[in-house]
Structure formats: structure tokens, C-alpha cells
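Shown below: data-v6.cif, with mmCIF, C-alpha atoms and all ligand atoms.
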data_run
loop_
_atom_site.label_atom_id
_atom_site.label_comp_id
_atom_site.auth_asym_id
_atom_site.auth_seq_id
_atom_site.Cartn_x
_atom_site.Cartn_y
_atom_site.Cartn_z
CA MET W 146 78.11 37.94 -31.99
CA ASP W 147 75.90 41.04 -31.91
CA LYS W 148 74.40 41.07 -28.42
CA TYR W 149 71.76 43.61 -29.31
CA PRO W 150 70.13 42.58 -32.56
CA ASN W 151 67.38 44.85 -33.87
CA GLU W 152 64.54 42.57 -32.86
CA TYR W 153 65.59 43.03 -29.21
CA SER W 154 65.18 46.79 -29.29
CA ARG W 155 65.93 48.11 -25.81
CA ALA W 156 63.28 50.79 -26.06
CA LYS W 157 60.58 48.17 -26.54
CA ASP W 158 61.89 45.74 -23.98
CA THR W 159 62.79 47.73 -20.94
CA HIS W 160 59.51 47.31 -19.09
CA ALA W 161 58.31 43.98 -20.48
CA PRO W 162 59.33 40.55 -19.15
CA ARG W 163 61.70 38.87 -21.54
CA TRP W 164 60.90 35.27 -20.67
CA ARG W 165 57.71 35.22 -22.77
CA ARG W 166 59.45 36.13 -25.95
CA ARG W 167 62.25 33.66 -25.24
CA MET W 168 59.68 30.88 -24.94
CA GLU W 169 59.16 31.15 -28.69
CA ASP W 170 62.74 29.90 -29.14
CA ILE W 171 62.69 27.24 -26.43
CA ASP W 172 61.83 23.75 -27.60
CA SER W 173 59.58 23.03 -24.61
CA GLN W 174 59.26 19.37 -23.68
CA VAL W 175 56.41 20.01 -21.27
CA ALA W 176 53.01 18.49 -22.04
CA THR W 177 51.25 19.19 -18.73
CA ILE W 178 52.10 20.47 -15.28
CA ARG W 179 49.66 19.51 -12.52
CA LEU W 180 49.67 21.19 -9.15
CA PRO W 181 48.64 19.05 -6.16
CA ASP W 182 45.26 19.59 -4.59
CA VAL W 183 46.29 21.09 -1.27
CA ASP W 184 42.79 22.11 -0.17
CA GLY W 185 43.86 25.67 0.59
CA GLU W 186 46.73 24.52 2.86
CA ALA W 187 49.87 25.22 0.89
CA PRO W 188 53.07 23.61 2.16
CA ASP W 189 56.05 25.89 2.76
CA GLN W 190 57.83 26.89 -0.47
CA ASP W 191 60.61 24.45 0.30
CA ARG W 192 58.19 21.51 0.14
CA GLU W 193 56.07 22.47 -2.85
CA TYR W 194 55.94 19.95 -5.70
CA CYS W 195 54.04 19.26 -8.90
CA GLU W 196 53.46 16.47 -11.38
CA LEU W 197 55.10 16.88 -14.76
CA VAL W 198 54.08 15.09 -17.95
CA THR W 199 56.64 15.44 -20.74
CA LEU W 200 55.92 15.29 -24.46
CA ASP W 201 57.36 11.76 -24.62
CA GLY W 202 54.62 10.65 -22.20
CA GLN W 203 56.68 10.31 -19.02
CA THR W 204 55.15 11.42 -15.74
CA LYS W 205 57.08 12.35 -12.64
CA THR W 206 56.71 14.23 -9.40
CA VAL W 207 59.19 17.06 -8.97
CA ARG W 208 59.88 19.14 -5.89
CA PHE W 209 60.08 22.79 -6.96
CA HIS W 210 63.44 23.36 -5.29
CA ASP W 211 65.10 20.36 -6.95
CA TYR W 212 66.43 22.75 -9.59
CA ASP W 213 68.70 20.16 -11.19
CA GLU W 214 65.58 18.15 -12.12
CA VAL W 215 63.66 21.23 -13.19
CA TYR W 216 66.34 22.64 -15.50
CA LYS W 217 66.84 19.34 -17.32
CA ILE W 218 63.46 19.65 -19.06
CA PRO W 219 63.34 22.56 -21.55
CA GLY W 220 60.41 24.88 -20.82
CA PHE W 221 59.64 23.38 -17.40
CA TYR W 222 61.14 26.18 -15.27
CA GLU W 223 59.30 28.90 -17.23
CA GLY W 224 56.08 26.86 -17.52
CA LEU W 225 55.90 26.18 -13.79
CA PHE W 226 57.16 29.34 -12.10
CA TYR W 227 56.44 32.01 -14.69
CA GLU W 228 53.38 30.76 -16.56
CA MET W 229 51.44 28.85 -13.89
CA LEU W 230 52.64 30.57 -10.73
CA GLN W 231 52.95 34.04 -12.26
CA CYS W 232 56.48 34.84 -11.10
CA CYS W 233 57.45 38.37 -12.11
CA SER W 234 60.59 38.97 -10.09
CA PRO W 235 63.34 39.28 -12.71
CA SER W 236 61.60 42.18 -14.46
CA ARG W 237 60.43 43.66 -11.13
CA VAL W 238 63.95 43.82 -9.75
CA ALA W 239 65.44 45.07 -13.01
CA ASN W 240 62.75 47.74 -13.39
CA LEU W 241 63.34 48.98 -9.84
CA LEU W 242 67.04 49.29 -10.63
CA ASP W 243 66.13 51.19 -13.84
CA ASP W 244 64.24 53.79 -11.78
CA VAL W 245 67.10 54.33 -9.37
CA LEU W 246 69.70 54.48 -12.13
CA GLU W 247 67.63 57.14 -13.83
CA ASP W 248 67.64 59.26 -10.67
CA PHE W 249 71.41 58.88 -10.44
CA GLU W 250 71.78 59.54 -14.16
CA ASP W 251 73.73 56.27 -14.34
CA ASN W 252 73.76 54.41 -17.62
CA PRO W 253 72.53 50.76 -17.58
CA GLU W 254 74.83 50.13 -20.52
CA GLU W 255 77.77 50.64 -18.19
CA LEU W 256 76.69 47.88 -15.83
CA ARG W 257 79.04 44.92 -15.46
CA VAL W 258 76.71 42.48 -13.79
CA LEU W 259 77.31 39.54 -11.48
CA ASP W 260 74.12 37.44 -11.55
CA VAL W 261 74.29 35.06 -8.59
CA GLY W 262 71.93 32.09 -8.58
CA ALA W 263 71.62 32.72 -12.30
CA GLY W 264 69.69 29.55 -13.15
CA ASN W 265 68.81 29.32 -16.83
CA GLY W 266 69.37 33.02 -17.41
CA ILE W 267 66.04 34.82 -17.06
CA VAL W 268 67.55 37.58 -14.92
CA GLY W 269 70.64 37.91 -17.09
CA ASP W 270 68.30 38.27 -20.05
CA GLU W 271 66.69 41.35 -18.43
CA PHE W 272 70.11 42.96 -18.18
CA LEU W 273 70.92 41.98 -21.75
CA ALA W 274 67.75 43.82 -22.81
CA ARG W 275 69.06 46.92 -21.07
CA GLY W 276 72.35 46.73 -22.91
CA ALA W 277 74.57 45.84 -19.92
CA GLU W 278 78.26 45.97 -20.79
CA LYS W 279 79.00 42.54 -19.33
CA ILE W 280 76.97 39.81 -17.62
CA ILE W 281 78.60 37.02 -15.61
CA GLY W 282 76.45 34.21 -14.23
CA VAL W 283 77.22 32.16 -11.14
CA ASP W 284 75.30 29.15 -9.95
CA ILE W 285 76.12 26.25 -7.69
CA ILE W 286 74.80 23.48 -9.96
CA PRO W 287 76.10 22.54 -13.42
CA GLU W 288 72.54 21.87 -14.65
CA ALA W 289 71.87 25.63 -14.36
CA ARG W 290 74.72 26.54 -16.68
CA GLN W 291 73.74 23.77 -19.09
CA ALA W 292 70.19 25.12 -19.16
CA ALA W 293 71.41 28.72 -19.67
CA ASP W 294 73.62 27.58 -22.57
CA ARG W 295 70.66 25.73 -24.06
CA ASP W 296 67.91 28.34 -23.48
CA ARG W 297 69.73 31.70 -23.57
CA PRO W 298 73.13 31.14 -25.18
CA ASP W 299 73.60 34.85 -25.95
CA VAL W 300 73.16 36.21 -22.43
CA TYR W 301 76.30 35.53 -20.40
CA ASP W 302 79.86 36.56 -21.19
CA ASP W 303 80.91 33.88 -18.74
CA TYR W 304 79.03 31.50 -16.46
CA ILE W 305 80.81 29.97 -13.51
CA VAL W 306 79.60 26.94 -11.59
CA THR W 307 80.94 27.40 -8.10
CA ASP W 308 80.16 27.74 -4.41
CA LEU W 309 80.70 31.33 -3.25
CA THR W 310 81.13 30.18 0.33
CA ASP W 311 84.29 28.42 -0.77
CA LEU W 312 85.36 30.24 -3.90
CA PRO W 313 88.46 28.76 -5.57
CA GLU W 314 91.24 31.32 -6.05
CA ARG W 315 91.20 31.07 -9.84
CA HIS W 316 87.51 32.04 -9.93
CA GLU W 317 88.05 34.86 -7.45
CA GLU W 318 90.88 36.32 -9.54
CA ASN W 319 88.84 35.98 -12.72
CA LEU W 320 85.80 37.67 -11.19
CA ARG W 321 87.81 40.55 -9.70
CA GLU W 322 89.49 41.17 -13.05
CA GLN W 323 86.05 41.85 -14.58
CA ASN W 324 85.55 45.04 -12.48
CA LEU W 325 81.96 44.05 -11.81
CA ASN W 326 79.86 46.98 -10.59
CA CYS W 327 76.40 45.42 -10.15
CA LEU W 328 75.33 42.41 -8.11
CA THR W 329 71.93 40.90 -8.77
CA THR W 330 70.36 37.88 -7.18
CA VAL W 331 66.73 36.99 -7.75
CA ALA W 332 64.65 34.22 -6.14
CA ALA W 333 67.80 32.69 -4.75
CA LEU W 334 68.35 33.96 -1.18
CA GLY W 335 67.41 31.81 1.79
CA TYR W 336 65.59 28.45 1.68
CA GLY W 337 68.84 26.54 1.67
CA ASP W 338 69.89 28.35 -1.51
CA ILE W 339 72.34 31.24 -1.23
CA PRO W 340 73.38 31.82 2.40
CA PRO W 341 74.38 35.26 3.81
CA LYS W 342 78.06 34.31 3.63
CA ALA W 343 77.85 33.73 -0.15
CA PHE W 344 75.87 36.94 -0.68
CA LEU W 345 78.49 38.92 1.24
CA LYS W 346 81.27 37.32 -0.79
CA ALA W 347 79.49 38.33 -3.99
CA LEU W 348 79.16 41.90 -2.69
CA ASP W 349 82.86 41.87 -1.84
CA LEU W 350 83.70 40.94 -5.45
CA LEU W 351 82.15 44.18 -6.75
CA VAL W 352 84.11 47.36 -7.24
CA THR W 353 83.13 50.40 -5.14
CA PRO W 354 80.89 52.24 -5.83
CA GLY W 355 78.55 49.65 -7.24
CA TRP W 356 74.91 48.61 -7.41
CA LEU W 357 72.98 45.88 -5.68
CA ALA W 358 69.58 44.69 -6.96
CA PHE W 359 67.98 41.68 -5.32
CA ASN W 360 64.77 40.25 -3.95
CA ILE W 361 64.04 38.23 -0.86
CA LYS W 362 61.01 36.82 0.93
CA GLU W 363 59.72 39.64 3.12
CA THR W 364 59.90 37.61 6.34
CA PHE W 365 63.62 37.01 5.72
CA LEU W 366 64.21 40.74 6.21
CA ASP W 367 62.02 40.88 9.28
CA ALA W 368 64.20 40.70 12.40
CA GLY W 369 61.38 39.00 14.34
CA SER W 370 60.83 36.06 12.03
CA ASP W 371 64.03 35.71 10.03
CA GLY W 372 65.89 32.45 10.54
CA THR W 373 68.19 32.94 7.57
CA GLY W 374 70.46 35.70 8.90
CA PHE W 375 69.69 38.06 5.99
CA SER W 376 67.86 40.55 8.17
CA ASP W 377 70.95 40.90 10.40
CA LEU W 378 73.32 40.99 7.45
CA VAL W 379 71.46 43.78 5.65
CA LYS W 380 71.17 45.74 8.91
CA HIS W 381 74.89 45.23 9.54
CA LEU W 382 75.84 46.37 6.02
CA ASN W 383 73.65 49.46 6.34
CA ARG W 384 74.87 50.36 9.81
CA ASP W 385 78.51 50.10 8.74
CA GLY W 386 77.86 52.24 5.67
CA VAL W 387 78.84 49.48 3.24
CA ILE W 388 75.51 49.77 1.47
CA GLN W 389 72.86 52.46 1.30
CA ILE W 390 69.36 51.29 0.43
CA GLN W 391 67.85 53.41 -2.32
CA SER W 392 64.61 51.60 -3.00
CA TYR W 393 62.54 48.94 -1.27
CA ARG W 394 59.37 47.57 -2.81
CA ARG W 395 57.00 44.92 -1.45
CA TYR W 396 55.21 42.94 -4.15
CA CYS W 397 53.82 39.51 -5.05
CA HIS W 398 56.79 37.41 -6.24
CA ARG W 399 54.51 34.57 -7.33
CA ILE W 400 51.53 32.60 -6.10
CA ASN W 401 51.94 29.32 -4.24
CA VAL W 402 50.30 25.97 -5.04
CA ALA W 403 47.16 27.07 -3.18
CA GLY W 404 46.96 30.24 -5.30
CA GLU W 405 47.96 32.55 -2.47
CA PRO W 406 50.41 35.43 -3.00
CA LEU W 407 53.99 35.05 -1.77
CA HIS W 408 55.22 38.46 -0.77
CA TYR W 409 58.81 39.40 -1.41
CA VAL W 410 60.66 42.68 -1.34
CA ALA W 411 62.77 44.00 -4.18
CA VAL W 412 65.72 46.00 -2.92
CA VAL W 413 68.07 48.32 -4.77
CA ALA W 414 71.10 49.57 -2.86
CA ARG W 415 74.35 51.31 -3.58
CA LYS W 416 77.64 49.77 -2.49
CA LEU W 417 79.46 52.71 -0.95
CA LYS W 418 82.39 51.06 0.78
CA ASP W 419 84.51 47.94 0.38
CA VAL W 420 83.40 45.16 2.68
CA PRO W 421 85.65 45.42 5.78
CA ASP W 422 87.73 42.34 6.60
CA GLU W 423 86.17 42.13 10.09
CA LEU W 424 82.70 41.88 8.52
CA MET W 425 83.83 39.11 6.16
CA GLU W 426 85.42 37.32 9.09
CA PHE W 427 82.33 37.70 11.29
CA TRP W 428 79.96 36.36 8.62
CA SER W 429 82.28 33.56 7.58
CA HIS W 430 81.40 31.90 10.90
CA ARG W 431 77.67 32.57 10.74
CA ASP W 432 75.10 30.92 8.55
CA GLY W 433 71.81 31.68 10.25
CA GLU W 434 70.56 33.56 13.27
CA ALA W 435 72.95 34.55 16.03
C1 LIG P 1 64.72 29.90 -8.12
S1 LIG P 1 66.23 29.74 -8.95
C2 LIG P 1 66.39 31.41 -9.53
C3 LIG P 1 67.04 31.47 -10.88
C4 LIG P 1 67.03 32.87 -11.49
N1 LIG P 1 67.70 33.82 -10.65
C5 LIG P 1 65.61 33.32 -11.77
O1 LIG P 1 65.15 34.26 -11.10
O2 LIG P 1 64.96 32.76 -12.66
C6 LIG P 1 67.46 29.69 -7.66
C7 LIG P 1 68.85 29.41 -8.20
O3 LIG P 1 69.82 29.60 -7.16
C8 LIG P 1 70.81 28.60 -7.30
N2 LIG P 1 71.53 28.44 -6.04
C9 LIG P 1 71.12 27.81 -4.92
N3 LIG P 1 72.07 27.87 -3.96
C10 LIG P 1 73.10 28.55 -4.51
C11 LIG P 1 74.37 28.95 -4.03
N4 LIG P 1 74.76 28.66 -2.78
N5 LIG P 1 75.18 29.63 -4.85
C12 LIG P 1 74.78 29.92 -6.14
N6 LIG P 1 73.59 29.58 -6.64
C13 LIG P 1 72.75 28.90 -5.84
C14 LIG P 1 70.02 27.37 -7.68
O4 LIG P 1 70.85 26.37 -8.24
C15 LIG P 1 69.02 27.96 -8.66
O5 LIG P 1 69.54 27.94 -9.98
#

Let me see the file written as C-alpha cells.
Ligand SMILES: C[S@@+](CC[C@H](N)C(=O)[O-])C[C@H]1O[C@@H](n2cnc3c(N)ncnc32)[C@H](O)[C@@H]1O
Amino acid sequence: MDKYPNEYSRAKDTHAPRWRRRMEDIDSQVATIRLPDVDGEAPDQDREYCELVTLDGQTKTVRFHDYDEVYKIPGFYEGLFYEMLQCCSPSRVANLLDDVLEDFEDNPEELRVLDVGAGNGIVGDEFLARGAEKIIGVDIIPEARQAADRDRPDVYDDYIVTDLTDLPERHEENLREQNLNCLTTVAALGYGDIPPKAFLKALDLLVTPGWLAFNIKETFLDAGSDGTGFSDLVKHLNRDGVIQIQSYRRYCHRINVAGEPLHYVAVVARKLKDVPDELMEFWSHRDGEA
């Protein structure tokens, strides 16, 4: 199949979010999404929920982070996070990578992308718009792959449902054979989602040199308030010369149920060295703070 049909002209798409256009092709089953009245006191992101009414008249309460429930309803993920809560991270992260690639005179069409925490494919779609050579999705839940197949069947060359903290050998061999040179992970680090160990494994699967483009809640990179371990991991990777940060941008990832901004940072880094065995070993025994 032609991955780059004329209507998806790269020139037009590079700086515009793709999810809006995709919504025209998604048979949304969402009638209404109602946010709770939290009286200005938003719960932590991990406890946010909403009420969903589907077109067939069913009503249910869904916790935002119960992604298996969210992905099952076509149009719900986009309607909630992108439409109502104004998430902009996939295009933000991809645009930041564009800028850095331009400085390096690197061609986005030569990217072989590993999209970790791929969900229903919104991030992969940004890379498709840029003409990436290959895009492989990884997610821990089968509902994510099912939703990607349903909503964006043209995005991924392969989509693996697996746990990167315990990657089966057959998946590891397959992923290494793809010579992946770009790791992206958006809205998926911390909060009981992708732990540092899985992120490091994904980085290890890339060839060297390679690119890293991700976002993370700003407090998770702040040594003083990080309980996830990511602040230490990124520091460790930098100090050991495994990665070199090229761009770091603070921005509003989305608003919360009280309408307040949730600040994240988008990071673009270069992988300069293979991940040393000692580093893999050290992080294989650590999930959070030391
Ligand atoms: C908020 S969604 C982000 C989806 C997509 N990246 C986006 O920006 O639209 C987080 C995704 O991370 C996935 N996830 C959570 N823990 C994971 C893990 N340990 N390994 C891989 N994926 C994971 C979830 O299943 C979910 O699909």
C-alpha cells in the first residue's frame, strides 16, 4: 500500500496535528463526555475520570488511565484527551525533533522509529506524515494494537504487544533486526505506565547513533520531586555520554479536569553510545527512586 498518498502531502502536514484529520475517518461512538465537577480541586492525573455516553445510549464512568476501556470505544481517546483536554503532545514532540533534524541536516525520511506506548497510533501518524522509513509500535495492552489497527491501519509496519521490562527473545531479535534509529514515547512515561527500566531497554534496542524524542511531566525530571526515577536515569545517561540532549521545551501537555495546565517537557536527544551493560544491570534492579 502507498504510505504517502497525495492527500497526505508532507509539506502541508508537517506542522499541523494529524489527529483532527483522522477523526473524519473514525466512526466515533461517543455521544457525550462529561467531566466531573471538581470545584477547582483537580485530582492527580492518575485519578482523573469522566462520564461517557455512547451513541447506543450507554453511560459509564471511566478512569482516564484505564486505557483498555478508553481504546475500546472509537473516538473516545481523541474526544477526551485531544478535543476536550487540548492535548498537543504528539505534534509538539515531533515538531521539536523536526527542528533538531534540520540543524543536523538529517532526513526524517530516514527515520526507523520505535514508538513505545504507541496507543492507537497518534504519534506514529505524525511520523508517517513526515515520511519515516519504518514505524514500529509497542504497547503493553492488546486493546492498544486493536485500536491502532482500527483507527490508523496504515501507520505501523509492525505493532508488538509486549512488556519491555521482560522482553521475550523473539521480539528482541525482531526489533534489533529492524535497525531502529529513533525512539519516541509520548504521554507514556511515569504514572505506572512505562518505567525507567523499559525506557532504557527501548533505548538499548536502537542503533548508535540514533535519535530520542519524548515528553514527560516536568516534575518527573526534577530531582527534588521525582518519584519515578526518570530524573536520575536521564542524568545518568547524560553523565555517561550515552545521550546528549539537543532540545528541551516546557509546554502545556493538556489541561486537567479543573481546566488547569499540566506542564510537561518535550526532549530531543541524540543517542551517542550503546547503553553499557553495567547501566542496564543497575537499572534492571531499580524501578523508582534510589
Ligand atoms: C496516554 S497513552 C499515550 C498513547 C500515545 N503515545 C499518544 O500520545 O497518544 C499511554 C500508553 O502507554 C501504554 N503503556 C503503559 N505502560 C506501558 C508499558 N510498560 N510498556 C508499553 N506501553 C505502556 C498504555 O497502554 C497506553 O497505550

- [ ] One decimal, Å: what's the distance from atom CA of Lys346 of chain W over to atom CA of Thr310 of chain W, could you say?
- [x]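 Straight-line distance from atom CA of Lys346 of chain W to atom CA of Thr310 of chain W works out to 7.2 Å.
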
From the list W:Val413, W:Leu407, W:Val300, W:Cys397, which residue is nearest Arg167 of chain W when using all atoms listed in the file?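 Among W:Val413, W:Leu407, W:Val300, W:Cys397, it is W:Val300 that comes nearest to Arg167 of chain W.
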
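Shortest separation to Val258 of chain W among W:Ser236, W:Asn324, W:Thr177, W:Asn319 occurs at residue W:Asn324, atoms counted being all atoms listed in the file.
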
Site check for ligand LIG 1 (chain P): residues at most 7 Å away, only C-alpha atoms and all ligand atoms, as a short mmCIF file (atom, residue, chain, number, x, y, z; two decimals) with C-alpha atoms, keeping the file's coordinate frame:
data_model
loop_
_atom_site.label_atom_id
_atom_site.label_comp_id
_atom_site.auth_asym_id
_atom_site.auth_seq_id
_atom_site.Cartn_x
_atom_site.Cartn_y
_atom_site.Cartn_z
CA TYR W 212 66.43 22.75 -9.59
CA SER W 234 60.59 38.97 -10.09
CA PRO W 235 63.34 39.28 -12.71
CA VAL W 261 74.29 35.06 -8.59
CA GLY W 262 71.93 32.09 -8.58
CA ALA W 263 71.62 32.72 -12.30
CA GLY W 264 69.69 29.55 -13.15
CA ASN W 265 68.81 29.32 -16.83
CA GLY W 266 69.37 33.02 -17.41
CA ILE W 267 66.04 34.82 -17.06
CA VAL W 268 67.55 37.58 -14.92
CA VAL W 283 77.22 32.16 -11.14
CA ASP W 284 75.30 29.15 -9.95
CA ILE W 285 76.12 26.25 -7.69
CA ILE W 286 74.80 23.48 -9.96
CA ALA W 289 71.87 25.63 -14.36
CA THR W 307 80.94 27.40 -8.10
CA ASP W 308 80.16 27.74 -4.41
CA LEU W 309 80.70 31.33 -3.25
CA THR W 330 70.36 37.88 -7.18
CA VAL W 331 66.73 36.99 -7.75
CA ALA W 332 64.65 34.22 -6.14
CA ALA W 333 67.80 32.69 -4.75
CA GLY W 337 68.84 26.54 1.67
CA ASP W 338 69.89 28.35 -1.51
CA ILE W 339 72.34 31.24 -1.23
CA PRO W 340 73.38 31.82 2.40
CA ALA W 343 77.85 33.73 -0.15
#

Report task. Using all atoms listed in the file, pick whichever of W:Leu225, W:Ala239, W:Leu325, W:Cys233 has the shortest atom-to-atom distance to His210 of chain W. Result ->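 Checking each candidate against His210 of chain W, we get W:Leu225 as the closest.
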
Among W:Val379, W:Met229, W:Ala403, W:Leu256, Leu273 of chain W is approached most closely, using all atoms listed in the file, by W:Leu256

Please identify all polymer residues within 8 Å of Ala358 of chain W, counting all atoms listed in the file, omitting same-chain residues fewer than 3 positions from it, and present them as a list of chain:residue names.
->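 Skipping anything fewer than 3 positions along the chain leaves W:Val238, W:Ala239, W:Leu242, W:Cys327, W:Leu328, W:Thr329, W:Thr330, W:Ala411, W:Val412, W:Val413, W:Ala414.
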
Give one line per residue of segment 220-331 of chain W that approaches segment 184-195 of chain W to at most 12 Å, naming the two atoms of the closest pair and their distance in Å to one decimal, counting all atoms listed in the file; sort by chain then ascending residue number and deliver it as CSV.
residue,atom,partner,partner_atom,distance
W:Phe221,CA,W:Cys195,CA,11.0
W:Tyr222,CA,W:Cys195,CA,11.8
W:Gly224,CA,W:Cys195,CA,11.7
W:Leu225,CA,W:Cys195,CA,8.7
W:Phe226,CA,W:Cys195,CA,11.0
W:Met229,CA,W:Cys195,CA,11.1
W:Leu230,CA,W:Cys195,CA,11.5

**Item:** Interatomic distance, atom CA of Ala176 of chain W to atom CA of Arg208 of chain W (Å, one decimal)
**Value:**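 Taking atom CA of Ala176 of chain W and atom CA of Arg208 of chain W, their separation equals 17.6 Å.
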
In Å, with one decimal, what is the gap from atom CA of Phe209 of chain W to atom CA of Glu196 of chain W?
->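 Atom-to-atom, atom CA of Phe209 of chain W to atom CA of Glu196 of chain W, that is 10.2 Å.
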
Counting all atoms listed in the file, find residues at most 12 Å from (55.9, 17.9, -18.2) (file frame) and give them as a ChimeraX atom specification. /W:173-180,195-207,214-225

- [ ] Considering all atoms listed in the file, state which residue in the set W:Arg165, W:Lys342, W:Arg399, W:Arg415 is at the smallest distance from Gln231 of chain W.
- [x]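 When distances to Gln231 of chain W are compared using all atoms listed in the file, the smallest one comes from W:Arg399.
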
inquiry  = For Leu378 of chain W, find every residue with an atom within 12 Å (counting only C-alpha atoms), except residues of its own chain fewer than 3 positions away, and show them as a ChimeraX atom specification.
reply    = /W:340-345,348,365-368,371-375,381-385,387-388,420,424-425,427-429,431-435
